[in-house]
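Enquirer: Hey, dropping data.txt in here, compact mmCIF, N, CA and C atoms and all ligand atoms:
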```
# COMPACT_ATOMS: atom_id res chain seq x y z
N MET N 1 -12.51 9.45 12.00
CA MET N 1 -11.81 9.63 10.72
C MET N 1 -12.63 10.56 9.82
N ASP N 2 -12.01 11.63 9.38
CA ASP N 2 -12.66 12.57 8.47
C ASP N 2 -12.37 12.12 7.03
N ARG N 3 -13.32 11.37 6.47
CA ARG N 3 -13.07 10.77 5.15
C ARG N 3 -12.88 11.80 4.05
N GLY N 4 -13.61 12.91 4.13
CA GLY N 4 -13.47 13.95 3.10
C GLY N 4 -12.07 14.51 3.11
N ARG N 5 -11.58 14.80 4.31
CA ARG N 5 -10.23 15.36 4.46
C ARG N 5 -9.17 14.35 3.98
N LEU N 6 -9.33 13.08 4.38
CA LEU N 6 -8.37 12.06 3.96
C LEU N 6 -8.38 11.87 2.45
N ALA N 7 -9.58 11.93 1.85
CA ALA N 7 -9.67 11.80 0.39
C ALA N 7 -8.90 12.93 -0.28
N GLU N 8 -8.99 14.13 0.27
CA GLU N 8 -8.24 15.27 -0.27
C GLU N 8 -6.74 15.03 -0.16
N LEU N 9 -6.32 14.48 0.98
CA LEU N 9 -4.89 14.23 1.20
C LEU N 9 -4.36 13.16 0.24
N ILE N 10 -5.18 12.13 0.00
CA ILE N 10 -4.79 11.08 -0.95
C ILE N 10 -4.64 11.68 -2.34
N GLU N 11 -5.62 12.51 -2.73
CA GLU N 11 -5.58 13.13 -4.05
C GLU N 11 -4.38 14.08 -4.16
N SER N 12 -4.10 14.79 -3.08
CA SER N 12 -2.99 15.72 -3.11
C SER N 12 -1.66 14.98 -3.27
N ARG N 13 -1.52 13.82 -2.63
CA ARG N 13 -0.32 13.01 -2.79
C ARG N 13 -0.22 12.47 -4.21
N ARG N 14 -1.39 12.09 -4.80
CA ARG N 14 -1.40 11.64 -6.20
C ARG N 14 -0.90 12.74 -7.13
N GLN N 15 -1.40 13.95 -6.90
CA GLN N 15 -1.02 15.06 -7.76
C GLN N 15 0.49 15.33 -7.65
N GLU N 16 1.02 15.15 -6.44
CA GLU N 16 2.45 15.34 -6.22
C GLU N 16 3.26 14.34 -7.07
N ILE N 17 2.80 13.10 -7.09
CA ILE N 17 3.48 12.07 -7.89
C ILE N 17 3.36 12.41 -9.38
N LEU N 18 2.16 12.83 -9.80
CA LEU N 18 1.93 13.14 -11.21
C LEU N 18 2.79 14.31 -11.67
N ALA N 19 3.08 15.24 -10.75
CA ALA N 19 3.86 16.42 -11.10
C ALA N 19 5.37 16.16 -10.98
N SER N 20 5.74 15.00 -10.44
CA SER N 20 7.16 14.75 -10.19
C SER N 20 7.90 14.40 -11.48
N VAL N 21 9.20 14.60 -11.43
CA VAL N 21 10.06 14.21 -12.55
C VAL N 21 10.84 12.98 -12.08
N PRO N 22 10.52 11.81 -12.65
CA PRO N 22 11.17 10.58 -12.20
C PRO N 22 12.68 10.63 -12.39
N THR N 23 13.42 10.26 -11.33
CA THR N 23 14.87 10.23 -11.44
C THR N 23 15.42 8.85 -11.12
N ARG N 24 14.68 8.11 -10.27
CA ARG N 24 15.18 6.78 -9.88
C ARG N 24 14.38 5.70 -10.59
N GLU N 25 15.00 4.54 -10.67
CA GLU N 25 14.36 3.39 -11.29
C GLU N 25 13.02 3.11 -10.60
N GLY N 26 12.00 2.89 -11.36
CA GLY N 26 10.70 2.56 -10.78
C GLY N 26 9.79 3.76 -10.64
N GLU N 27 10.35 4.95 -10.59
CA GLU N 27 9.50 6.13 -10.38
C GLU N 27 8.62 6.44 -11.59
N GLN N 28 9.13 6.19 -12.78
CA GLN N 28 8.33 6.41 -13.98
C GLN N 28 7.14 5.45 -13.99
N PHE N 29 7.38 4.21 -13.60
CA PHE N 29 6.29 3.22 -13.52
C PHE N 29 5.23 3.70 -12.53
N LEU N 30 5.67 4.14 -11.35
CA LEU N 30 4.73 4.61 -10.34
C LEU N 30 3.90 5.79 -10.84
N LYS N 31 4.58 6.67 -11.56
CA LYS N 31 3.87 7.84 -12.09
C LYS N 31 2.81 7.41 -13.11
N GLU N 32 3.20 6.49 -13.99
CA GLU N 32 2.25 6.00 -15.00
C GLU N 32 1.07 5.29 -14.35
N MET N 33 1.34 4.51 -13.30
CA MET N 33 0.26 3.79 -12.62
C MET N 33 -0.64 4.75 -11.84
N THR N 34 -0.06 5.83 -11.32
CA THR N 34 -0.85 6.84 -10.61
C THR N 34 -1.85 7.48 -11.58
N GLU N 35 -1.38 7.70 -12.80
CA GLU N 35 -2.25 8.28 -13.84
C GLU N 35 -3.32 7.27 -14.28
N LEU N 36 -2.87 6.09 -14.62
CA LEU N 36 -3.77 5.07 -15.19
C LEU N 36 -4.86 4.64 -14.21
N THR N 37 -4.46 4.36 -12.98
CA THR N 37 -5.41 3.78 -12.03
C THR N 37 -6.28 4.84 -11.35
N GLN N 38 -5.90 6.11 -11.48
CA GLN N 38 -6.59 7.18 -10.76
C GLN N 38 -6.55 6.92 -9.26
N ALA N 39 -5.50 6.24 -8.83
CA ALA N 39 -5.37 5.85 -7.43
C ALA N 39 -3.94 6.10 -6.97
N LEU N 40 -3.71 5.94 -5.68
CA LEU N 40 -2.38 6.19 -5.10
C LEU N 40 -1.64 4.86 -4.92
N PRO N 41 -0.50 4.68 -5.61
CA PRO N 41 0.26 3.44 -5.42
C PRO N 41 0.81 3.37 -3.99
N VAL N 42 0.60 2.22 -3.33
CA VAL N 42 1.02 2.10 -1.93
C VAL N 42 2.07 1.02 -1.76
N TRP N 43 1.87 -0.12 -2.39
CA TRP N 43 2.77 -1.25 -2.13
C TRP N 43 2.85 -2.18 -3.32
N GLY N 44 4.06 -2.65 -3.61
CA GLY N 44 4.24 -3.64 -4.65
C GLY N 44 5.16 -4.74 -4.17
N ASP N 45 4.85 -5.96 -4.52
CA ASP N 45 5.75 -7.08 -4.23
C ASP N 45 5.55 -8.15 -5.30
N PHE N 46 6.05 -9.34 -5.05
CA PHE N 46 5.96 -10.38 -6.07
C PHE N 46 4.52 -10.79 -6.36
N ASP N 47 3.59 -10.41 -5.49
CA ASP N 47 2.20 -10.81 -5.69
C ASP N 47 1.38 -9.76 -6.44
N GLY N 48 1.92 -8.56 -6.55
CA GLY N 48 1.17 -7.54 -7.27
C GLY N 48 1.45 -6.13 -6.79
N TRP N 49 0.62 -5.20 -7.27
CA TRP N 49 0.73 -3.79 -6.87
C TRP N 49 -0.60 -3.35 -6.31
N TRP N 50 -0.56 -2.70 -5.14
CA TRP N 50 -1.80 -2.27 -4.48
C TRP N 50 -1.87 -0.75 -4.44
N TYR N 51 -3.09 -0.25 -4.63
CA TYR N 51 -3.31 1.19 -4.68
C TYR N 51 -4.52 1.54 -3.82
N LEU N 52 -4.51 2.77 -3.30
CA LEU N 52 -5.69 3.30 -2.62
C LEU N 52 -6.47 4.12 -3.64
N ARG N 53 -7.70 3.69 -3.91
CA ARG N 53 -8.52 4.44 -4.86
C ARG N 53 -9.28 5.53 -4.13
N SER N 54 -9.66 5.22 -2.91
CA SER N 54 -10.28 6.21 -2.04
C SER N 54 -9.92 5.79 -0.63
N VAL N 55 -10.49 6.44 0.36
CA VAL N 55 -10.10 6.12 1.73
C VAL N 55 -10.32 4.63 2.02
N LEU N 56 -11.41 4.08 1.53
CA LEU N 56 -11.74 2.71 1.90
C LEU N 56 -11.55 1.69 0.78
N THR N 57 -11.28 2.15 -0.42
CA THR N 57 -11.20 1.21 -1.54
C THR N 57 -9.75 0.94 -1.94
N VAL N 58 -9.38 -0.33 -1.81
CA VAL N 58 -8.05 -0.78 -2.22
C VAL N 58 -8.21 -1.55 -3.53
N VAL N 59 -7.40 -1.21 -4.52
CA VAL N 59 -7.44 -1.95 -5.78
C VAL N 59 -6.06 -2.55 -6.03
N VAL N 60 -6.03 -3.60 -6.86
CA VAL N 60 -4.79 -4.35 -7.03
C VAL N 60 -4.59 -4.80 -8.48
N HIS N 61 -3.37 -4.73 -8.94
CA HIS N 61 -2.93 -5.44 -10.13
C HIS N 61 -2.28 -6.71 -9.61
N ARG N 62 -3.03 -7.81 -9.59
CA ARG N 62 -2.50 -9.03 -9.03
C ARG N 62 -1.55 -9.69 -10.03
N GLU N 63 -0.38 -10.08 -9.54
CA GLU N 63 0.64 -10.63 -10.43
C GLU N 63 0.19 -11.98 -10.98
N THR N 64 0.12 -12.07 -12.30
CA THR N 64 -0.18 -13.34 -12.97
C THR N 64 0.73 -13.42 -14.18
N ASP N 65 0.78 -14.58 -14.81
CA ASP N 65 1.67 -14.75 -15.97
C ASP N 65 1.33 -13.77 -17.08
N ASP N 66 0.04 -13.47 -17.23
CA ASP N 66 -0.35 -12.61 -18.35
C ASP N 66 -0.73 -11.20 -17.88
N LEU N 67 -0.20 -10.80 -16.71
CA LEU N 67 -0.57 -9.49 -16.17
C LEU N 67 -0.21 -8.36 -17.12
N LYS N 68 -1.20 -7.54 -17.42
CA LYS N 68 -0.95 -6.29 -18.10
C LYS N 68 -1.38 -5.20 -17.14
N TYR N 69 -0.52 -4.18 -17.03
CA TYR N 69 -0.86 -3.10 -16.12
C TYR N 69 -1.84 -2.16 -16.82
N ASP N 70 -3.09 -2.59 -16.88
CA ASP N 70 -4.11 -1.72 -17.46
C ASP N 70 -5.36 -1.78 -16.59
N LEU N 71 -6.37 -1.02 -16.96
CA LEU N 71 -7.56 -0.94 -16.12
C LEU N 71 -8.34 -2.25 -16.08
N ASP N 72 -8.27 -3.03 -17.18
CA ASP N 72 -8.99 -4.30 -17.22
C ASP N 72 -8.46 -5.28 -16.18
N HIS N 73 -7.19 -5.13 -15.81
CA HIS N 73 -6.59 -6.06 -14.85
C HIS N 73 -6.61 -5.53 -13.42
N LEU N 74 -7.24 -4.38 -13.23
CA LEU N 74 -7.31 -3.80 -11.90
C LEU N 74 -8.53 -4.36 -11.18
N GLU N 75 -8.29 -4.98 -10.02
CA GLU N 75 -9.41 -5.57 -9.26
C GLU N 75 -9.55 -4.87 -7.93
N VAL N 76 -10.76 -4.88 -7.40
CA VAL N 76 -10.95 -4.42 -6.03
C VAL N 76 -10.41 -5.51 -5.11
N GLU N 77 -9.60 -5.12 -4.12
CA GLU N 77 -9.04 -6.10 -3.18
C GLU N 77 -10.08 -6.42 -2.12
N ASN N 78 -10.50 -7.67 -2.07
CA ASN N 78 -11.51 -8.06 -1.09
C ASN N 78 -10.94 -8.86 0.07
N VAL N 79 -9.64 -9.16 0.02
CA VAL N 79 -9.03 -9.90 1.13
C VAL N 79 -8.78 -8.92 2.27
N GLN N 80 -9.47 -9.15 3.38
CA GLN N 80 -9.43 -8.20 4.49
C GLN N 80 -8.00 -7.97 5.00
N ALA N 81 -7.23 -9.05 5.14
CA ALA N 81 -5.87 -8.93 5.67
C ALA N 81 -5.02 -8.04 4.74
N LYS N 82 -5.23 -8.15 3.44
CA LYS N 82 -4.45 -7.35 2.50
C LYS N 82 -4.90 -5.89 2.55
N ARG N 83 -6.21 -5.68 2.73
CA ARG N 83 -6.71 -4.30 2.85
C ARG N 83 -6.11 -3.64 4.10
N ILE N 84 -6.04 -4.39 5.18
CA ILE N 84 -5.44 -3.87 6.42
C ILE N 84 -3.97 -3.54 6.17
N PHE N 85 -3.27 -4.45 5.48
CA PHE N 85 -1.85 -4.24 5.17
C PHE N 85 -1.65 -2.95 4.38
N VAL N 86 -2.46 -2.75 3.35
CA VAL N 86 -2.31 -1.57 2.48
C VAL N 86 -2.60 -0.28 3.26
N HIS N 87 -3.62 -0.32 4.11
CA HIS N 87 -3.90 0.87 4.92
C HIS N 87 -2.74 1.16 5.88
N ALA N 88 -2.19 0.10 6.48
CA ALA N 88 -1.07 0.29 7.41
C ALA N 88 0.15 0.84 6.68
N MET N 89 0.43 0.32 5.48
CA MET N 89 1.58 0.81 4.71
C MET N 89 1.37 2.25 4.27
N ALA N 90 0.16 2.59 3.86
CA ALA N 90 -0.14 3.97 3.44
C ALA N 90 0.08 4.92 4.62
N ALA N 91 -0.36 4.49 5.81
CA ALA N 91 -0.21 5.33 7.01
C ALA N 91 1.26 5.55 7.33
N ARG N 92 2.09 4.54 7.06
CA ARG N 92 3.52 4.64 7.35
C ARG N 92 4.27 5.44 6.30
N LYS N 93 3.94 5.20 5.01
CA LYS N 93 4.69 5.85 3.94
C LYS N 93 4.34 7.31 3.77
N PHE N 94 3.08 7.64 4.04
CA PHE N 94 2.61 9.00 3.82
C PHE N 94 2.14 9.56 5.17
N PRO N 95 3.01 10.32 5.86
CA PRO N 95 2.71 10.76 7.22
C PRO N 95 1.37 11.47 7.36
N GLU N 96 0.94 12.18 6.31
CA GLU N 96 -0.33 12.90 6.41
C GLU N 96 -1.52 11.93 6.41
N LEU N 97 -1.27 10.66 6.07
CA LEU N 97 -2.35 9.67 6.06
C LEU N 97 -2.28 8.76 7.29
N ALA N 98 -1.60 9.22 8.33
CA ALA N 98 -1.41 8.40 9.54
C ALA N 98 -2.72 7.88 10.12
N GLU N 99 -3.78 8.63 9.90
CA GLU N 99 -5.10 8.21 10.41
C GLU N 99 -5.60 6.91 9.79
N LEU N 100 -5.01 6.53 8.66
CA LEU N 100 -5.45 5.29 8.00
C LEU N 100 -4.95 4.05 8.74
N LYS N 101 -4.03 4.24 9.68
CA LYS N 101 -3.50 3.08 10.41
C LYS N 101 -4.64 2.32 11.07
N PRO N 102 -4.78 1.03 10.72
CA PRO N 102 -5.91 0.26 11.22
C PRO N 102 -5.85 0.04 12.73
N GLU N 103 -7.01 0.03 13.35
CA GLU N 103 -7.08 -0.30 14.78
C GLU N 103 -7.17 -1.80 14.93
N ARG N 104 -6.54 -2.30 15.98
CA ARG N 104 -6.52 -3.74 16.20
C ARG N 104 -7.92 -4.25 16.55
N PRO N 105 -8.45 -5.15 15.72
CA PRO N 105 -9.77 -5.71 16.04
C PRO N 105 -9.65 -6.70 17.20
N PRO N 106 -10.75 -6.91 17.93
CA PRO N 106 -10.71 -7.79 19.11
C PRO N 106 -10.24 -9.21 18.80
N ASP N 107 -10.50 -9.69 17.58
CA ASP N 107 -10.16 -11.08 17.26
C ASP N 107 -8.76 -11.21 16.64
N ALA N 108 -7.98 -10.12 16.63
CA ALA N 108 -6.63 -10.19 16.04
C ALA N 108 -5.72 -11.00 16.96
N VAL N 109 -4.67 -11.56 16.34
CA VAL N 109 -3.66 -12.29 17.12
C VAL N 109 -2.32 -11.59 16.92
N ASP N 110 -1.41 -11.77 17.89
CA ASP N 110 -0.10 -11.15 17.77
C ASP N 110 0.63 -11.71 16.54
N CYS N 111 1.41 -10.86 15.90
CA CYS N 111 2.19 -11.29 14.74
C CYS N 111 3.26 -12.28 15.21
N ASP N 112 3.45 -13.35 14.42
CA ASP N 112 4.37 -14.41 14.83
C ASP N 112 5.77 -14.23 14.22
N GLN N 113 6.00 -13.12 13.53
CA GLN N 113 7.29 -12.92 12.87
C GLN N 113 8.28 -12.19 13.77
N ASP N 114 9.56 -12.35 13.47
CA ASP N 114 10.63 -11.71 14.22
C ASP N 114 10.92 -10.34 13.58
N HIS N 115 10.33 -9.30 14.12
CA HIS N 115 10.47 -7.97 13.52
C HIS N 115 11.90 -7.45 13.61
N LYS N 116 12.65 -7.86 14.64
CA LYS N 116 14.03 -7.39 14.76
C LYS N 116 14.88 -7.94 13.62
N ALA N 117 14.63 -9.20 13.26
CA ALA N 117 15.37 -9.80 12.15
C ALA N 117 15.01 -9.10 10.84
N LEU N 118 13.73 -8.77 10.67
CA LEU N 118 13.31 -8.07 9.45
C LEU N 118 13.95 -6.69 9.37
N GLU N 119 14.04 -6.03 10.53
CA GLU N 119 14.66 -4.71 10.58
C GLU N 119 16.13 -4.80 10.15
N LYS N 120 16.82 -5.85 10.61
CA LYS N 120 18.22 -6.04 10.23
C LYS N 120 18.35 -6.21 8.72
N LEU N 121 17.43 -6.98 8.13
CA LEU N 121 17.47 -7.19 6.68
C LEU N 121 17.25 -5.87 5.94
N ARG N 122 16.33 -5.05 6.48
CA ARG N 122 16.08 -3.74 5.84
C ARG N 122 17.32 -2.85 5.93
N GLU N 123 18.00 -2.92 7.09
CA GLU N 123 19.22 -2.13 7.23
C GLU N 123 20.27 -2.55 6.21
N LEU N 124 20.22 -3.83 5.82
CA LEU N 124 21.17 -4.33 4.83
C LEU N 124 20.72 -3.99 3.40
N GLY N 125 19.58 -3.32 3.29
CA GLY N 125 19.14 -2.88 1.98
C GLY N 125 18.09 -3.75 1.32
N TYR N 126 17.63 -4.79 2.04
CA TYR N 126 16.59 -5.64 1.47
C TYR N 126 15.22 -5.02 1.72
N ASN N 127 14.37 -5.09 0.71
CA ASN N 127 13.06 -4.46 0.81
C ASN N 127 12.01 -5.43 1.34
N PHE N 128 12.24 -5.94 2.56
CA PHE N 128 11.30 -6.88 3.15
C PHE N 128 10.29 -6.16 4.02
N GLU N 129 9.09 -6.64 4.02
CA GLU N 129 8.07 -6.10 4.92
C GLU N 129 7.30 -7.26 5.51
N CYS N 130 7.05 -7.18 6.81
CA CYS N 130 6.26 -8.22 7.46
C CYS N 130 4.84 -8.20 6.93
N HIS N 131 4.18 -9.36 6.91
CA HIS N 131 2.79 -9.38 6.42
C HIS N 131 1.85 -8.60 7.32
N CYS N 132 2.31 -8.24 8.52
CA CYS N 132 1.47 -7.41 9.40
C CYS N 132 1.75 -5.92 9.18
N ALA N 133 2.67 -5.61 8.27
CA ALA N 133 3.04 -4.22 7.96
C ALA N 133 3.56 -3.49 9.19
N GLY N 134 4.11 -4.25 10.14
CA GLY N 134 4.69 -3.63 11.32
C GLY N 134 3.67 -3.32 12.41
N LEU N 135 2.41 -3.71 12.20
CA LEU N 135 1.36 -3.42 13.19
C LEU N 135 1.58 -4.24 14.47
N GLY N 136 2.19 -5.44 14.31
CA GLY N 136 2.39 -6.30 15.46
C GLY N 136 1.24 -7.25 15.70
N TRP N 137 0.24 -7.20 14.85
CA TRP N 137 -0.91 -8.12 14.97
C TRP N 137 -1.41 -8.45 13.57
N GLN N 138 -2.20 -9.49 13.51
CA GLN N 138 -2.79 -9.87 12.23
C GLN N 138 -4.17 -10.46 12.46
N THR N 139 -5.00 -10.39 11.45
CA THR N 139 -6.32 -11.00 11.57
C THR N 139 -6.23 -12.44 11.12
N ARG N 140 -7.12 -13.27 11.60
CA ARG N 140 -7.08 -14.69 11.24
C ARG N 140 -7.56 -14.88 9.81
ZN ZN N 201 4.68 -8.67 11.79
```
Would you write out, as structure tokens, the structure that this file holds?

Expert:
Amino acid sequence: MDRGRLAELIESRRQEILASVPTREGEQFLKEMTELTQALPVWGDFDGWWYLRSVLTVVVHRETDDLKYDLDHLEVENVQAKRIFVHAMAARKFPELAELKPERPPDAVDCDQDHKALEKLRELGYNFECHCAGLGWQTR
């Protein structure tokens, strides 16, 4: 993995978002978060919003009752499974970052979810993602 090159690609994707003109719901929020966090927004769900700050650093606005989307509430994500998830999602969403796709560690176990059922839900327009991010495995 060429970290310097990947860092450039992450920054280039950030600049693309910053230069974009939001047209759909949520895009303005993503643009503002791209500016505020100095990071690349990768994934959001009911638990929070995750960003890539650099090739190896994942930061999160963890959803809480008093969550404010500011720098004070931005934490480094230390949960390994979540870091793997964010890298896998970044590799999928941004084709130029495909190298970020995590390699299966020896102690990983096969994912226990029904990916075909999740795919059907996505086809119906639901924004579901498996906790393995489609990798087919998960860490304990
Ligand atoms: Zn899965």

Enquirer: One number please: atom C of N:Leu121 to atom CA of N:Gly136, in Å, one decimal.

Expert: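 Interatomic distance, atom C of N:Leu121 to atom CA of N:Gly136: 17.7 Å.
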
Enquirer: With distances taken over only C-alpha atoms, which residue among N:His61, N:His115, N:His131, N:Lys31 lies nearest N:Ile17?

Expert: N:Lys31

Enquirer: Write out, as a Markdown table, each residue of chain N that has an atom at most 5 Å from ligand ZN 201 (chain N), together with the closest pair of atoms and their distance in Å to one decimal, counting all atoms listed in the file, rows going by chain and rising number.

Expert:
```
| residue | atom | partner | partner_atom | distance |
| --- | --- | --- | --- | --- |
| N:Cys111 | CA | N:ZN201 | ZN | 4.7 |
| N:Gln113 | N | N:ZN201 | ZN | 5.0 |
| N:Cys130 | CA | N:ZN201 | ZN | 4.6 |
| N:His131 | N | N:ZN201 | ZN | 5.0 |
| N:Cys132 | N | N:ZN201 | ZN | 4.1 |
| N:Gly134 | N | N:ZN201 | ZN | 4.8 |
| N:Gly136 | N | N:ZN201 | ZN | 4.8 |
```

Enquirer: Please provide as a list in words all residues within 12 Å of N:Gln138, with the sequence filter that same-chain residues fewer than 4 positions apart are discarded (counting only C-alpha atoms).

Expert: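 Near neighbours after the sequence-gap exclusion: Gln80, Ala81, Lys82, Arg83, Ile84, Phe85, Ala88, Pro102, Glu103, Arg104, Pro105, Pro106, Asp107, Ala108, Val109, Asp110, Cys111, Asp112, Gln113, Cys130, His131, Cys132, Ala133 and Gly134 of chain N.
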
Enquirer: Go through N:Gly48, N:Ala117, N:His87, N:Val55 one by one, measure the shortest atom-to-atom distance of each to N:Lys68 using only C-alpha atoms, and give the residue with the smallest value.

Expert: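 Looking only at the distances to N:Lys68, the closest residue turns out to be N:Gly48.
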